[in-house]
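Participant: Please find query.csv (CSV, N, CA and C atoms) on the next line:
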```csv
chain,number,residue,atom,x,y,z
A,1,MET,N,15.1,-8.8,0.2
A,1,MET,CA,14.1,-8.6,1.2
A,1,MET,C,12.7,-8.6,0.5
A,2,GLU,N,11.8,-9.4,0.8
A,2,GLU,CA,10.5,-9.5,0.2
A,2,GLU,C,9.5,-8.6,1.0
A,3,LEU,N,9.1,-7.5,0.3
A,3,LEU,CA,8.2,-6.5,1.0
A,3,LEU,C,6.7,-6.8,0.9
A,4,GLY,N,6.4,-7.7,0.0
A,4,GLY,CA,5.0,-8.0,-0.3
A,4,GLY,C,4.5,-7.5,-1.6
A,5,THR,N,3.2,-7.7,-1.9
A,5,THR,CA,2.7,-7.3,-3.2
A,5,THR,C,2.7,-5.7,-3.2
A,6,PHE,N,2.9,-5.2,-4.4
A,6,PHE,CA,3.1,-3.8,-4.6
A,6,PHE,C,1.8,-3.2,-5.3
A,7,SER,N,1.5,-2.0,-4.8
A,7,SER,CA,0.5,-1.1,-5.5
A,7,SER,C,0.9,0.3,-5.4
A,8,LEU,N,0.4,1.1,-6.2
A,8,LEU,CA,0.6,2.6,-6.2
A,8,LEU,C,-0.7,3.2,-5.6
A,9,SER,N,-0.6,4.0,-4.6
A,9,SER,CA,-1.8,4.6,-4.0
A,9,SER,C,-1.7,6.1,-4.4
A,10,LEU,N,-2.7,6.5,-5.2
A,10,LEU,CA,-2.8,7.8,-5.8
A,10,LEU,C,-3.7,8.7,-5.0
A,11,THR,N,-3.3,9.9,-4.7
A,11,THR,CA,-4.1,11.0,-4.1
A,11,THR,C,-4.8,11.6,-5.3
A,12,VAL,N,-6.2,11.5,-5.3
A,12,VAL,CA,-6.9,12.1,-6.4
A,12,VAL,C,-7.9,13.2,-5.9
A,13,LYS,N,-8.2,14.1,-6.8
A,13,LYS,CA,-9.0,15.2,-6.5
A,13,LYS,C,-10.5,14.9,-6.6
A,14,ASP,N,-10.8,14.0,-7.6
A,14,ASP,CA,-12.2,13.6,-7.9
A,14,ASP,C,-12.2,12.1,-8.2
A,15,ILE,N,-12.6,11.3,-7.2
A,15,ILE,CA,-12.5,9.9,-7.4
A,15,ILE,C,-13.4,9.4,-8.5
A,16,ASN,N,-14.5,10.0,-8.8
A,16,ASN,CA,-15.4,9.6,-9.9
A,16,ASN,C,-14.7,9.8,-11.2
A,17,ALA,N,-14.1,11.0,-11.4
A,17,ALA,CA,-13.4,11.3,-12.6
A,17,ALA,C,-12.2,10.4,-12.8
A,18,SER,N,-11.4,10.1,-11.7
A,18,SER,CA,-10.3,9.2,-11.8
A,18,SER,C,-10.7,7.8,-12.1
A,19,LEU,N,-11.8,7.3,-11.5
A,19,LEU,CA,-12.3,6.0,-11.9
A,19,LEU,C,-12.6,5.9,-13.3
A,20,ALA,N,-13.4,6.9,-13.8
A,20,ALA,CA,-13.8,6.9,-15.2
A,20,ALA,C,-12.5,6.9,-16.1
A,21,PHE,N,-11.5,7.7,-15.8
A,21,PHE,CA,-10.3,7.7,-16.6
A,21,PHE,C,-9.6,6.4,-16.6
A,22,TYR,N,-9.3,5.8,-15.4
A,22,TYR,CA,-8.6,4.5,-15.4
A,22,TYR,C,-9.4,3.4,-15.9
A,23,GLN,N,-10.7,3.4,-15.9
A,23,GLN,CA,-11.5,2.4,-16.6
A,23,GLN,C,-11.3,2.4,-18.1
A,24,LYS,N,-11.1,3.6,-18.7
A,24,LYS,CA,-10.8,3.8,-20.1
A,24,LYS,C,-9.4,3.1,-20.4
A,25,LEU,N,-8.5,3.0,-19.4
A,25,LEU,CA,-7.2,2.4,-19.6
A,25,LEU,C,-7.3,0.9,-19.4
A,26,GLY,N,-8.5,0.4,-19.0
A,26,GLY,CA,-8.7,-1.1,-18.8
A,26,GLY,C,-8.6,-1.5,-17.4
A,27,PHE,N,-8.6,-0.6,-16.5
A,27,PHE,CA,-8.6,-1.0,-15.0
A,27,PHE,C,-10.1,-1.3,-14.6
A,28,THR,N,-10.2,-2.2,-13.7
A,28,THR,CA,-11.5,-2.6,-13.2
A,28,THR,C,-11.5,-2.5,-11.7
A,29,LYS,N,-12.6,-2.2,-11.1
A,29,LYS,CA,-12.7,-2.1,-9.6
A,29,LYS,C,-12.5,-3.5,-9.0
A,30,PHE,N,-11.6,-3.5,-8.0
A,30,PHE,CA,-11.2,-4.8,-7.4
A,30,PHE,C,-11.7,-4.8,-5.9
A,31,HIS,N,-11.6,-3.6,-5.3
A,31,HIS,CA,-12.0,-3.5,-3.9
A,31,HIS,C,-12.2,-2.1,-3.5
A,32,GLY,N,-12.8,-1.8,-2.4
A,32,GLY,CA,-13.0,-0.4,-1.9
A,32,GLY,C,-14.4,0.0,-1.9
A,33,ASP,N,-14.6,1.3,-1.6
A,33,ASP,CA,-16.0,1.9,-1.4
A,33,ASP,C,-15.9,3.3,-1.9
A,34,ILE,N,-16.5,3.6,-3.1
A,34,ILE,CA,-16.4,4.9,-3.6
A,34,ILE,C,-17.1,5.9,-2.7
A,35,GLU,N,-18.1,5.5,-1.9
A,35,GLU,CA,-18.8,6.4,-1.0
A,35,GLU,C,-17.8,6.8,0.1
A,36,GLN,N,-16.8,6.0,0.4
A,36,GLN,CA,-15.8,6.4,1.4
A,36,GLN,C,-14.6,7.0,0.8
A,37,ASN,N,-14.7,7.3,-0.5
A,37,ASN,CA,-13.6,7.9,-1.3
A,37,ASN,C,-12.3,7.1,-1.4
A,38,TRP,N,-12.4,5.8,-1.5
A,38,TRP,CA,-11.3,5.0,-1.8
A,38,TRP,C,-11.7,3.8,-2.7
A,39,LEU,N,-10.8,3.4,-3.6
A,39,LEU,CA,-11.0,2.3,-4.5
A,39,LEU,C,-9.7,1.6,-4.8
A,40,ILE,N,-9.7,0.3,-5.0
A,40,ILE,CA,-8.5,-0.4,-5.5
A,40,ILE,C,-8.9,-0.9,-6.9
A,41,LEU,N,-8.1,-0.6,-7.9
A,41,LEU,CA,-8.3,-1.0,-9.2
A,41,LEU,C,-7.2,-2.0,-9.7
A,42,LYS,N,-7.6,-2.9,-10.7
A,42,LYS,CA,-6.6,-3.8,-11.2
A,42,LYS,C,-6.7,-3.8,-12.7
A,43,ASN,N,-5.5,-4.0,-13.3
A,43,ASN,CA,-5.3,-4.2,-14.7
A,43,ASN,C,-4.2,-5.2,-14.9
A,44,GLY,N,-4.6,-6.5,-15.1
A,44,GLY,CA,-3.6,-7.6,-15.0
A,44,GLY,C,-3.0,-7.7,-13.7
A,45,ASN,N,-1.7,-7.6,-13.6
A,45,ASN,CA,-1.0,-7.7,-12.3
A,45,ASN,C,-0.7,-6.3,-11.7
A,46,CYS,N,-1.2,-5.3,-12.4
A,46,CYS,CA,-1.0,-3.9,-11.9
A,46,CYS,C,-2.2,-3.5,-10.9
A,47,THR,N,-1.8,-3.1,-9.7
A,47,THR,CA,-2.8,-2.7,-8.8
A,47,THR,C,-2.6,-1.2,-8.5
A,48,LEU,N,-3.7,-0.5,-8.5
A,48,LEU,CA,-3.7,1.0,-8.3
A,48,LEU,C,-4.8,1.4,-7.3
A,49,GLY,N,-4.4,2.1,-6.3
A,49,GLY,CA,-5.4,2.6,-5.3
A,49,GLY,C,-5.7,4.1,-5.6
A,50,LEU,N,-7.0,4.4,-5.5
A,50,LEU,CA,-7.4,5.8,-5.7
A,50,LEU,C,-8.0,6.3,-4.3
A,51,PHE,N,-7.4,7.4,-3.8
A,51,PHE,CA,-7.8,7.9,-2.5
A,51,PHE,C,-8.1,9.4,-2.6
A,52,GLN,N,-9.3,9.7,-2.3
A,52,GLN,CA,-9.7,11.2,-2.3
A,52,GLN,C,-9.7,11.7,-0.9
A,53,GLY,N,-8.9,12.7,-0.6
A,53,GLY,CA,-8.9,13.4,0.7
A,53,GLY,C,-8.3,12.6,1.8
A,54,MET,N,-7.5,11.5,1.6
A,54,MET,CA,-6.9,10.7,2.6
A,54,MET,C,-5.5,10.9,2.8
A,55,PHE,N,-4.7,11.2,1.8
A,55,PHE,CA,-3.3,11.3,1.8
A,55,PHE,C,-2.8,12.7,1.2
A,56,LEU,N,-1.7,13.2,1.6
A,56,LEU,CA,-1.1,14.4,1.1
A,56,LEU,C,-0.4,14.1,-0.2
A,57,LYS,N,0.2,12.9,-0.4
A,57,LYS,CA,1.0,12.6,-1.5
A,57,LYS,C,0.7,11.2,-2.0
A,58,ASN,N,1.1,10.9,-3.2
A,58,ASN,CA,1.0,9.5,-3.7
A,58,ASN,C,1.9,8.7,-2.9
A,59,ILE,N,1.6,7.4,-2.8
A,59,ILE,CA,2.3,6.5,-1.9
A,59,ILE,C,2.6,5.2,-2.6
A,60,LEU,N,3.9,4.8,-2.5
A,60,LEU,CA,4.3,3.4,-2.9
A,60,LEU,C,3.8,2.5,-1.8
A,61,THR,N,3.0,1.5,-2.1
A,61,THR,CA,2.5,0.6,-1.0
A,61,THR,C,2.9,-0.8,-1.2
A,62,PHE,N,3.3,-1.5,-0.1
A,62,PHE,CA,3.7,-2.9,-0.2
A,62,PHE,C,2.8,-3.6,0.9
A,63,ASN,N,2.3,-4.8,0.6
A,63,ASN,CA,1.5,-5.5,1.5
A,63,ASN,C,2.1,-6.9,1.8
A,64,PRO,N,2.8,-7.0,2.9
A,64,PRO,CA,3.3,-8.3,3.3
A,64,PRO,C,2.2,-9.2,3.7
A,65,GLY,N,2.2,-10.5,3.3
A,65,GLY,CA,1.2,-11.5,3.6
A,65,GLY,C,0.1,-11.6,2.6
A,66,TRP,N,0.1,-10.8,1.5
A,66,TRP,CA,-0.9,-10.9,0.5
A,66,TRP,C,-0.2,-11.2,-0.9
A,67,ASP,N,-0.9,-12.0,-1.7
A,67,ASP,CA,-0.5,-12.1,-3.1
A,67,ASP,C,-1.2,-10.9,-3.9
A,68,THR,N,-1.0,-10.9,-5.2
A,68,THR,CA,-1.5,-9.8,-6.0
A,68,THR,C,-3.1,-9.8,-6.1
A,69,ASN,N,-3.7,-10.8,-5.5
A,69,ASN,CA,-5.2,-10.8,-5.5
A,69,ASN,C,-5.7,-10.6,-4.1
A,70,ALA,N,-4.9,-10.1,-3.2
A,70,ALA,CA,-5.2,-9.8,-1.8
A,70,ALA,C,-5.6,-11.1,-1.0
A,71,GLN,N,-5.0,-12.2,-1.5
A,71,GLN,CA,-5.3,-13.5,-0.8
A,71,GLN,C,-4.1,-13.7,0.2
A,72,ASN,N,-4.4,-14.3,1.3
A,72,ASN,CA,-3.3,-14.5,2.4
A,72,ASN,C,-2.3,-15.5,1.9
A,73,LEU,N,-1.0,-15.2,2.1
A,73,LEU,CA,0.1,-16.1,1.9
A,73,LEU,C,0.4,-16.9,3.1
A,74,GLU,N,0.8,-18.2,2.9
A,74,GLU,CA,1.1,-19.0,4.0
A,74,GLU,C,2.4,-18.6,4.6
A,75,ASN,N,3.4,-18.2,3.8
A,75,ASN,CA,4.7,-17.8,4.4
A,75,ASN,C,5.0,-16.4,3.9
A,76,PHE,N,5.4,-15.5,4.8
A,76,PHE,CA,5.8,-14.1,4.5
A,76,PHE,C,6.6,-13.6,5.6
A,77,THR,N,7.3,-12.5,5.4
A,77,THR,CA,8.0,-11.8,6.4
A,77,THR,C,7.1,-10.8,7.1
A,78,ASP,N,7.0,-10.9,8.4
A,78,ASP,CA,6.1,-10.0,9.2
A,78,ASP,C,6.6,-8.6,9.1
A,79,VAL,N,5.7,-7.7,9.1
A,79,VAL,CA,5.9,-6.2,9.0
A,79,VAL,C,6.9,-5.8,10.1
A,80,ARG,N,6.8,-6.3,11.3
A,80,ARG,CA,7.7,-5.9,12.4
A,80,ARG,C,9.2,-6.3,12.1
A,81,GLU,N,9.3,-7.5,11.5
A,81,GLU,CA,10.7,-8.0,11.2
A,81,GLU,C,11.2,-7.1,10.0
A,82,LEU,N,10.4,-6.8,9.0
A,82,LEU,CA,10.8,-5.9,8.0
A,82,LEU,C,11.3,-4.6,8.5
A,83,GLN,N,10.5,-4.0,9.5
A,83,GLN,CA,10.9,-2.7,10.1
A,83,GLN,C,12.3,-2.8,10.8
A,84,GLU,N,12.5,-3.9,11.5
A,84,GLU,CA,13.8,-4.0,12.2
A,84,GLU,C,14.9,-4.2,11.3
A,85,ARG,N,14.7,-5.0,10.2
A,85,ARG,CA,15.8,-5.2,9.2
A,85,ARG,C,16.2,-3.8,8.6
A,86,LEU,N,15.2,-3.0,8.2
A,86,LEU,CA,15.4,-1.7,7.6
A,86,LEU,C,16.1,-0.8,8.6
A,87,LYS,N,15.7,-0.8,9.8
A,87,LYS,CA,16.3,0.1,10.8
A,87,LYS,C,17.8,-0.3,11.0
A,88,TYR,N,18.0,-1.6,11.0
A,88,TYR,CA,19.4,-2.1,11.2
A,88,TYR,C,20.3,-1.7,10.0
A,89,LYS,N,19.7,-1.5,8.8
A,89,LYS,CA,20.4,-1.0,7.7
A,89,LYS,C,20.5,0.5,7.6
A,90,GLY,N,20.0,1.2,8.6
A,90,GLY,CA,20.1,2.6,8.7
A,90,GLY,C,19.0,3.4,8.1
A,91,VAL,N,17.9,2.7,7.7
A,91,VAL,CA,16.8,3.4,7.1
A,91,VAL,C,16.0,4.1,8.2
A,92,LYS,N,15.7,5.4,8.0
A,92,LYS,CA,14.9,6.1,9.0
A,92,LYS,C,13.4,5.7,8.8
A,93,ILE,N,12.7,5.3,9.8
A,93,ILE,CA,11.3,5.0,9.8
A,93,ILE,C,10.6,6.2,10.3
A,94,THR,N,9.6,6.7,9.5
A,94,THR,CA,8.9,8.0,10.0
A,94,THR,C,7.7,7.7,10.9
A,95,THR,N,7.1,6.5,10.6
A,95,THR,CA,6.0,6.1,11.5
A,95,THR,C,6.2,4.6,11.7
A,96,GLU,N,6.3,4.2,13.0
A,96,GLU,CA,6.7,2.8,13.3
A,96,GLU,C,5.4,2.0,13.7
A,97,VAL,N,5.6,0.7,13.4
A,97,VAL,CA,4.6,-0.3,14.0
A,97,VAL,C,5.2,-0.8,15.3
A,98,ALA,N,4.3,-1.0,16.3
A,98,ALA,CA,4.8,-1.4,17.6
A,98,ALA,C,5.5,-2.8,17.5
A,99,ALA,N,6.7,-2.8,18.0
A,99,ALA,CA,7.5,-4.1,17.9
A,99,ALA,C,6.9,-5.2,18.6
A,100,ASN,N,6.2,-5.0,19.7
A,100,ASN,CA,5.6,-6.0,20.5
A,100,ASN,C,4.2,-6.4,20.1
A,101,SER,N,3.7,-5.9,19.0
A,101,SER,CA,2.4,-6.2,18.6
A,101,SER,C,2.4,-7.4,17.7
A,102,GLU,N,1.2,-7.9,17.3
A,102,GLU,CA,1.0,-9.0,16.4
A,102,GLU,C,-0.1,-8.7,15.4
A,103,GLY,N,-0.1,-9.5,14.3
A,103,GLY,CA,-1.1,-9.3,13.3
A,103,GLY,C,-0.9,-8.1,12.4
A,104,PRO,N,-2.1,-7.5,12.0
A,104,PRO,CA,-2.0,-6.3,11.1
A,104,PRO,C,-1.2,-5.2,11.7
A,105,GLY,N,-0.5,-4.5,10.9
A,105,GLY,CA,0.3,-3.3,11.3
A,105,GLY,C,1.0,-2.7,10.1
A,106,SER,N,1.5,-1.5,10.3
A,106,SER,CA,2.1,-0.8,9.2
A,106,SER,C,3.2,0.1,9.7
A,107,PHE,N,4.1,0.5,8.8
A,107,PHE,CA,5.1,1.5,9.1
A,107,PHE,C,5.3,2.3,7.8
A,108,VAL,N,5.9,3.5,7.9
A,108,VAL,CA,6.1,4.4,6.8
A,108,VAL,C,7.6,4.8,6.8
A,109,LEU,N,8.2,4.9,5.6
A,109,LEU,CA,9.5,5.5,5.4
A,109,LEU,C,9.4,6.3,4.2
A,110,GLU,N,10.5,7.1,3.9
A,110,GLU,CA,10.5,7.9,2.7
A,110,GLU,C,11.8,7.7,2.0
A,111,ASP,N,11.7,7.7,0.7
A,111,ASP,CA,12.9,7.6,-0.1
A,111,ASP,C,13.7,8.9,-0.1
A,112,PRO,N,14.9,9.0,-0.7
A,112,PRO,CA,15.7,10.2,-0.6
A,112,PRO,C,15.0,11.4,-1.2
A,113,ASP,N,14.0,11.2,-2.1
A,113,ASP,CA,13.3,12.4,-2.7
A,113,ASP,C,12.0,12.7,-1.9
A,114,GLY,N,11.8,12.1,-0.8
A,114,GLY,CA,10.6,12.4,0.0
A,114,GLY,C,9.3,11.7,-0.3
A,115,ASN,N,9.4,10.7,-1.2
A,115,ASN,CA,8.3,9.9,-1.6
A,115,ASN,C,8.0,8.9,-0.5
A,116,PRO,N,6.7,8.9,0.0
A,116,PRO,CA,6.4,8.0,1.1
A,116,PRO,C,6.2,6.6,0.6
A,117,ILE,N,6.7,5.6,1.5
A,117,ILE,CA,6.5,4.2,1.2
A,117,ILE,C,5.8,3.6,2.4
A,118,LEU,N,4.7,3.0,2.2
A,118,LEU,CA,3.9,2.4,3.2
A,118,LEU,C,4.1,0.9,3.1
A,119,ILE,N,4.5,0.3,4.2
A,119,ILE,CA,4.5,-1.2,4.4
A,119,ILE,C,3.3,-1.5,5.3
A,120,ASP,N,2.3,-2.1,4.7
A,120,ASP,CA,1.0,-2.2,5.3
A,120,ASP,C,0.5,-3.7,5.3
A,121,GLN,N,0.6,-4.3,6.4
A,121,GLN,CA,0.2,-5.8,6.6
A,121,GLN,C,-1.2,-5.9,7.1
A,122,HIS,N,-2.0,-6.6,6.4
A,122,HIS,CA,-3.4,-6.8,6.8
A,122,HIS,C,-3.7,-8.1,7.5
A,123,VAL,N,-2.8,-9.0,7.6
A,123,VAL,CA,-3.0,-10.3,8.2
A,123,VAL,C,-2.2,-10.5,9.4
```
For the file at hand, write its structure as structure tokens.
Facilitator:
Amino acid sequence: MELGTFSLSLTVKDINASLAFYQKLGFTKFHGDIEQNWLILKNGNCTLGLFQGMFLKNILTFNPGWDTNAQNLENFTDVRELQERLKYKGVKITTEVAANSEGPGSFVLEDPDGNPILIDQHV
């Protein structure tokens, strides 16, 4: 099952301090708005999101329809189909995307340890 490009979304206390730290590790700003308390950073193929005051926990994030540079893919599995496949396999979905919708959408599930996983389609 292809879930899309992966990134780790980190809940941070001080986005400026976190940005400065990750820049020391070689990450550069890729997308986002520090004034809105969110940034996406890249270091090679590694993508890291910094989010201040938006989430309660760190989140594993997958983006169907995007490559690692947030460019649209011609072929990908739609978020609604992924949700249905996972439900069929017995995976509990905590927040669902409307099955009859189209285009962007997202759903959330948790692993056995309570780590949230966001499947977030932007196309």
Participant: Using atom C of Pro112 of chain A and atom C of Glu2 of chain A as the two end points, give the distance in Å to one decimal.
Facilitator: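 Answer for the atom C of Pro112 of chain A to atom C of Glu2 of chain A separation: 20.9 Å.
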Participant: Please indicate the distance in Å from atom C of Gln71 of chain A to atom C of Thr28 of chain A, rounded to one decimal place.
Facilitator: 17.9 Å
Participant: Between atom C of Phe107 of chain A and atom C of Ser9 of chain A, what distance in Å does the model show, to one decimal?
Facilitator: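 Separation of atom C of Phe107 of chain A and atom C of Ser9 of chain A: 14.6 Å.
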Participant: For segment 41-56 of chain A, work out the shell of residues within 8 Å, counting only N, CA and C atoms and skipping chain neighbours fewer than 4 positions away, then give it as a ChimeraX atom specification.
Facilitator: /A:6-15,18-19,25-32,36-37,68-69
Participant: Please, could you write that set of residues out with N, CA and C atoms as a compact mmCIF listing (two decimals), in the coordinates of the input?
Facilitator:
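Result went into selection_18.txt, see below:
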```txt
# COMPACT_ATOMS: atom_id res chain seq x y z
N PHE A 6 2.90 -5.20 -4.40
CA PHE A 6 3.10 -3.80 -4.60
C PHE A 6 1.80 -3.20 -5.30
N SER A 7 1.50 -2.00 -4.80
CA SER A 7 0.50 -1.10 -5.50
C SER A 7 0.90 0.30 -5.40
N LEU A 8 0.40 1.10 -6.20
CA LEU A 8 0.60 2.60 -6.20
C LEU A 8 -0.70 3.20 -5.60
N SER A 9 -0.60 4.00 -4.60
CA SER A 9 -1.80 4.60 -4.00
C SER A 9 -1.70 6.10 -4.40
N LEU A 10 -2.70 6.50 -5.20
CA LEU A 10 -2.80 7.80 -5.80
C LEU A 10 -3.70 8.70 -5.00
N THR A 11 -3.30 9.90 -4.70
CA THR A 11 -4.10 11.00 -4.10
C THR A 11 -4.80 11.60 -5.30
N VAL A 12 -6.20 11.50 -5.30
CA VAL A 12 -6.90 12.10 -6.40
C VAL A 12 -7.90 13.20 -5.90
N LYS A 13 -8.20 14.10 -6.80
CA LYS A 13 -9.00 15.20 -6.50
C LYS A 13 -10.50 14.90 -6.60
N ASP A 14 -10.80 14.00 -7.60
CA ASP A 14 -12.20 13.60 -7.90
C ASP A 14 -12.20 12.10 -8.20
N ILE A 15 -12.60 11.30 -7.20
CA ILE A 15 -12.50 9.90 -7.40
C ILE A 15 -13.40 9.40 -8.50
N SER A 18 -11.40 10.10 -11.70
CA SER A 18 -10.30 9.20 -11.80
C SER A 18 -10.70 7.80 -12.10
N LEU A 19 -11.80 7.30 -11.50
CA LEU A 19 -12.30 6.00 -11.90
C LEU A 19 -12.60 5.90 -13.30
N LEU A 25 -8.50 3.00 -19.40
CA LEU A 25 -7.20 2.40 -19.60
C LEU A 25 -7.30 0.90 -19.40
N GLY A 26 -8.50 0.40 -19.00
CA GLY A 26 -8.70 -1.10 -18.80
C GLY A 26 -8.60 -1.50 -17.40
N PHE A 27 -8.60 -0.60 -16.50
CA PHE A 27 -8.60 -1.00 -15.00
C PHE A 27 -10.10 -1.30 -14.60
N THR A 28 -10.20 -2.20 -13.70
CA THR A 28 -11.50 -2.60 -13.20
C THR A 28 -11.50 -2.50 -11.70
N LYS A 29 -12.60 -2.20 -11.10
CA LYS A 29 -12.70 -2.10 -9.60
C LYS A 29 -12.50 -3.50 -9.00
N PHE A 30 -11.60 -3.50 -8.00
CA PHE A 30 -11.20 -4.80 -7.40
C PHE A 30 -11.70 -4.80 -5.90
N HIS A 31 -11.60 -3.60 -5.30
CA HIS A 31 -12.00 -3.50 -3.90
C HIS A 31 -12.20 -2.10 -3.50
N GLY A 32 -12.80 -1.80 -2.40
CA GLY A 32 -13.00 -0.40 -1.90
C GLY A 32 -14.40 0.00 -1.90
N GLN A 36 -16.80 6.00 0.40
CA GLN A 36 -15.80 6.40 1.40
C GLN A 36 -14.60 7.00 0.80
N ASN A 37 -14.70 7.30 -0.50
CA ASN A 37 -13.60 7.90 -1.30
C ASN A 37 -12.30 7.10 -1.40
N THR A 68 -1.00 -10.90 -5.20
CA THR A 68 -1.50 -9.80 -6.00
C THR A 68 -3.10 -9.80 -6.10
N ASN A 69 -3.70 -10.80 -5.50
CA ASN A 69 -5.20 -10.80 -5.50
C ASN A 69 -5.70 -10.60 -4.10
```
Participant: For a quick check of understanding, using all atoms listed in the file, which of A:Lys24, A:His122, A:Gly4, A:Arg80 has the smallest distance to Ser101 of chain A?
Facilitator: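 So, comparing all the options, the nearest one is A:Arg80.
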Participant: Using all atoms listed in the file for the distances, tell me which of A:Leu3, A:Ala20, A:Leu118, A:Ile59 is nearest to Ser106 of chain A.
Facilitator: A:Leu118
Participant: Assign secondary structure with DSSP using the backbone only, and return the residues of chain A in strand (DSSP E or B) as a VMD selection string.
Facilitator: chain A and resid 5 to 12 28 to 33 38 to 43 46 to 52 59 to 63 66 72 93 to 95 105 to 110 116 to 121
